[in-house]
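Working notes for the structure below.
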Amino acid sequence: MRGDDGEEEDGEERFRALFAANYEHVLRFAARRVGPETAGDVASETFLVAWRRLAQVPEAEGEALPWLYAVARRTLANQQRGEQRGERLTAKIGSATPLPVGPDHAGDVVGVLHVRQALGTLSARDRETLLLVGWDGLDVAAAAQVVGCSRRTFAVRLHRARRRLERALGAARTDEEARPGAGTAALALKGRQA
Amino acid sequence: MRGQRTEQTQEALAYVRRTLGPADPVCEDADAARTPEGRAALARILAEPAGGERRPRTTRRRWIVVVTAMVTLAGVTAVADATGVLPSGVIEGLTRAGADDFGEVDLKKARMLVEGPTPDGRTMQVWHAPNASGGGCLHTRYLTDDGTAQGGDSECWNGEGADPLDRMRLWSGGGGGTHGYYTTYGHAAKPAVAVRITWPDGARETVQLNANGYFLTFSRHSVMGPNGEFEYRTIDALDPDGKTVASDPYA
């Protein structure tokens with residue numbers, strides 16, 4: 001029979017493995033939503049909760065990360081409550097965050113801008129639904145676990161959010177085409193990225 | 001039909017990933033856990049007590065017995081007792097909660113942790129004494145200009161499984177006993193110089209620690225959610241650079 005010390009050592013070993021496997025994912029999850037400057041704090045708080053509730057963290061492969069994302073989501077909600085969340089996210093994703101594009105992809109740059117602009121026009125729920133899939137790479141089951149709903153409900157949300165994203169993207173492209181000098185602006189941005 | 005829905009969902013997943021993927025503002029950083037920041041974060045977390053199903057030891061609510069009573073003790077602020085220095089109201093306040101459960105309160109070690117002016121012009125004091133279980137008792141009291149003392153809350157906790165207050169990196173207490181204001185007091189160990197309180201409504205306030213590491217503040221914010229349910233505050237201890245050195249998300 002193992003004593004308390006043995007159990008504590010097992011717990012620490014398990015937590016270290018959990019941290020090593022998932023810290024980067026939680027950090028990116030937070031950075032996508034609040035920017036890199038406070039993402040570290042969110043990730044630390046998330047793992048602190050995991051450390052204190054280690055018995056509740058699922059051990060099955062692939063289930064721990066959605067659990068951690070759900071904790072991070074609550075941590076973020078606590079941080080952001082009372083703020084103008086829509087404006088904040090719009091500002092974040094439209095900010096000067098370096099775009100992952102090279103100098104010869106002007107079309108990609110414009111596409112990225114369209115996507116971010118379109119995301120900024122969607123509701124918080126639609127954005128969350130889309131980002132969990134599009135940026136965090138979750139499937140329906142894992143994303144449903146993060147937001148605390150059934151798979152079927154999340155799938156419905158995904159379909160609706162996808163349609164609204166398509167409409168918003170269409171509107172963003174129309175606005176861009178109608179704007180004088182739009183191509184020049186895109187090329188200027190491309191030059192700065194280079 | 002079900003197969004068709006599954007196919008549509010897979011198509012939606014693929015579309016969203018294809019469309020949003022290039023706009024992801026965050027680059028891959030596969031070694032984040034091994035960076036100095038990652039290692040420091042891990043060390044900070046492991047320095048905290050593991051929880052299991054228990055409440056974190058940075059708070060004491062799990063073990064406490066609380067007595068909330070506003071007892072007016074006119075003119076007793078300077079009454080000496082067997083210890084020679086303790087006001088009798090403090091003795092009553094420290095001993096009235098939990099003595100039966102957690103053992104005798106050691107009044108010889110009683111001391112005032114922090115005091116400060118309340119929004120309504122009184123002075124609030126927070127007193128502490130250890131008890132036989134290894135835990136302790138806290139008592140809050142209010143003093144008016146005319147020497148009247150009003151006893152506030154008292155709470156005691158079992159020391160079993162809990163760190164003594166002076167070994168905690170961060171602890172806090174508080175309540176709503178000050179006419180529309182929520183009181184928060186506590187202590188943060190060095191290198192903390194301030195605490196940041198994040199309220200359920202998202203509001204944040206930063207409170208400087210006194211020279212001994214204690215804080216006492218009164219806020220208009222509430223710990224009650226929109227539906228009347230209790231919601232936790234988060235209290236972060238901040239070092240001189242504003243970095244979080246200890247955190248209690250269940251304050």
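Chain lettering (A, B, ...) mirrors the order of the structure tokens, residue numbering begins at 1 for each chain separately, and ligand numbering begins at 1 in order of display.
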**OP:** Pull out every residue of chain B sitting within 8 Å of chain A, counting only C-alpha atoms, and send them as a ChimeraX atom specification.
**Re:** /B:9,12-13,16-27,29-34,38,41-42,45-46,49-56,198,200-203,244,247,249
Mind writing the picked residues with C-alpha atoms as a PDB file, in the first residue's frame?
ATOM      1  CA  THR B   9     -20.379  18.485 -39.978  1.00  0.00           C
ATOM      2  CA  ALA B  12     -18.079  22.408 -41.964  1.00  0.00           C
ATOM      3  CA  LEU B  13     -15.055  21.489 -39.836  1.00  0.00           C
ATOM      4  CA  VAL B  16     -13.626  26.467 -40.967  1.00  0.00           C
ATOM      5  CA  ARG B  17     -10.120  25.083 -40.548  1.00  0.00           C
ATOM      6  CA  ARG B  18      -9.220  25.895 -44.125  1.00  0.00           C
ATOM      7  CA  THR B  19     -10.601  29.412 -43.883  1.00  0.00           C
ATOM      8  CA  LEU B  20      -9.445  30.414 -40.423  1.00  0.00           C
ATOM      9  CA  GLY B  21      -6.163  28.551 -40.255  1.00  0.00           C
ATOM     10  CA  PRO B  22      -4.062  31.069 -42.187  1.00  0.00           C
ATOM     11  CA  ALA B  23      -5.434  33.893 -40.011  1.00  0.00           C
ATOM     12  CA  ASP B  24      -4.264  32.293 -36.761  1.00  0.00           C
ATOM     13  CA  PRO B  25      -2.255  35.082 -35.077  1.00  0.00           C
ATOM     14  CA  VAL B  26      -0.219  32.722 -32.921  1.00  0.00           C
ATOM     15  CA  CYS B  27       2.801  30.886 -34.210  1.00  0.00           C
ATOM     16  CA  ASP B  29       6.109  27.278 -30.109  1.00  0.00           C
ATOM     17  CA  ALA B  30       6.528  23.636 -29.373  1.00  0.00           C
ATOM     18  CA  ASP B  31       9.046  24.207 -26.574  1.00  0.00           C
ATOM     19  CA  ALA B  32       6.990  26.679 -24.557  1.00  0.00           C
ATOM     20  CA  ALA B  33       7.058  24.438 -21.492  1.00  0.00           C
ATOM     21  CA  ARG B  34      10.845  24.406 -21.599  1.00  0.00           C
ATOM     22  CA  GLY B  38       7.427  27.895 -18.752  1.00  0.00           C
ATOM     23  CA  ALA B  41       5.402  28.807 -14.181  1.00  0.00           C
ATOM     24  CA  LEU B  42       5.745  25.111 -13.387  1.00  0.00           C
ATOM     25  CA  ILE B  45       2.546  25.967  -9.389  1.00  0.00           C
ATOM     26  CA  LEU B  46       4.365  23.071  -7.754  1.00  0.00           C
ATOM     27  CA  PRO B  49      -0.086  22.790  -2.116  1.00  0.00           C
ATOM     28  CA  ALA B  50      -1.660  20.101  -4.227  1.00  0.00           C
ATOM     29  CA  GLY B  51      -5.398  20.104  -3.859  1.00  0.00           C
ATOM     30  CA  GLY B  52      -7.113  16.929  -4.899  1.00  0.00           C
ATOM     31  CA  GLU B  53     -10.691  17.558  -3.916  1.00  0.00           C
ATOM     32  CA  ARG B  54      -9.669  19.920  -1.155  1.00  0.00           C
ATOM     33  CA  ARG B  55      -9.947  23.633  -1.224  1.00  0.00           C
ATOM     34  CA  PRO B  56      -6.646  25.387  -1.702  1.00  0.00           C
ATOM     35  CA  THR B 198     -10.489  40.793  -9.664  1.00  0.00           C
ATOM     36  CA  PRO B 200     -16.881  38.741 -10.410  1.00  0.00           C
ATOM     37  CA  ASP B 201     -18.056  41.718 -12.471  1.00  0.00           C
ATOM     38  CA  GLY B 202     -14.595  41.939 -14.019  1.00  0.00           C
ATOM     39  CA  ALA B 203     -13.528  45.040 -12.132  1.00  0.00           C
ATOM     40  CA  THR B 244       1.967  37.676 -10.281  1.00  0.00           C
ATOM     41  CA  SER B 247      -2.678  33.700  -6.865  1.00  0.00           C
ATOM     42  CA  PRO B 249      -8.707  32.197  -7.688  1.00  0.00           C
TER      43      PRO B 249
END
Original post:
Residues at most 8 Å from region 119-134 of chain B, counting only C-alpha atoms, excluding those fewer than 5 positions away in the same chain, as an NGL selection string?
Top reply: :B and (90 or 94 or 99 or 102-107 or 109-114 or 139-145 or 158-160 or 164 or 178-179 or 181 or 218)
Subject >> Separation of CA of Leu86 (chain B) from CA of Phe215 (chain B) in Å >> reply: 22.2 Å
**OP:** Select, from A:Leu18, A:Val110, A:Asp10, A:Arg151, the residue with the minimum atom-to-atom distance to Gly62 (chain A), counting only C-alpha atoms.
**Re:**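 For Gly62 (chain A), the nearest of the given residues is A:Leu18.
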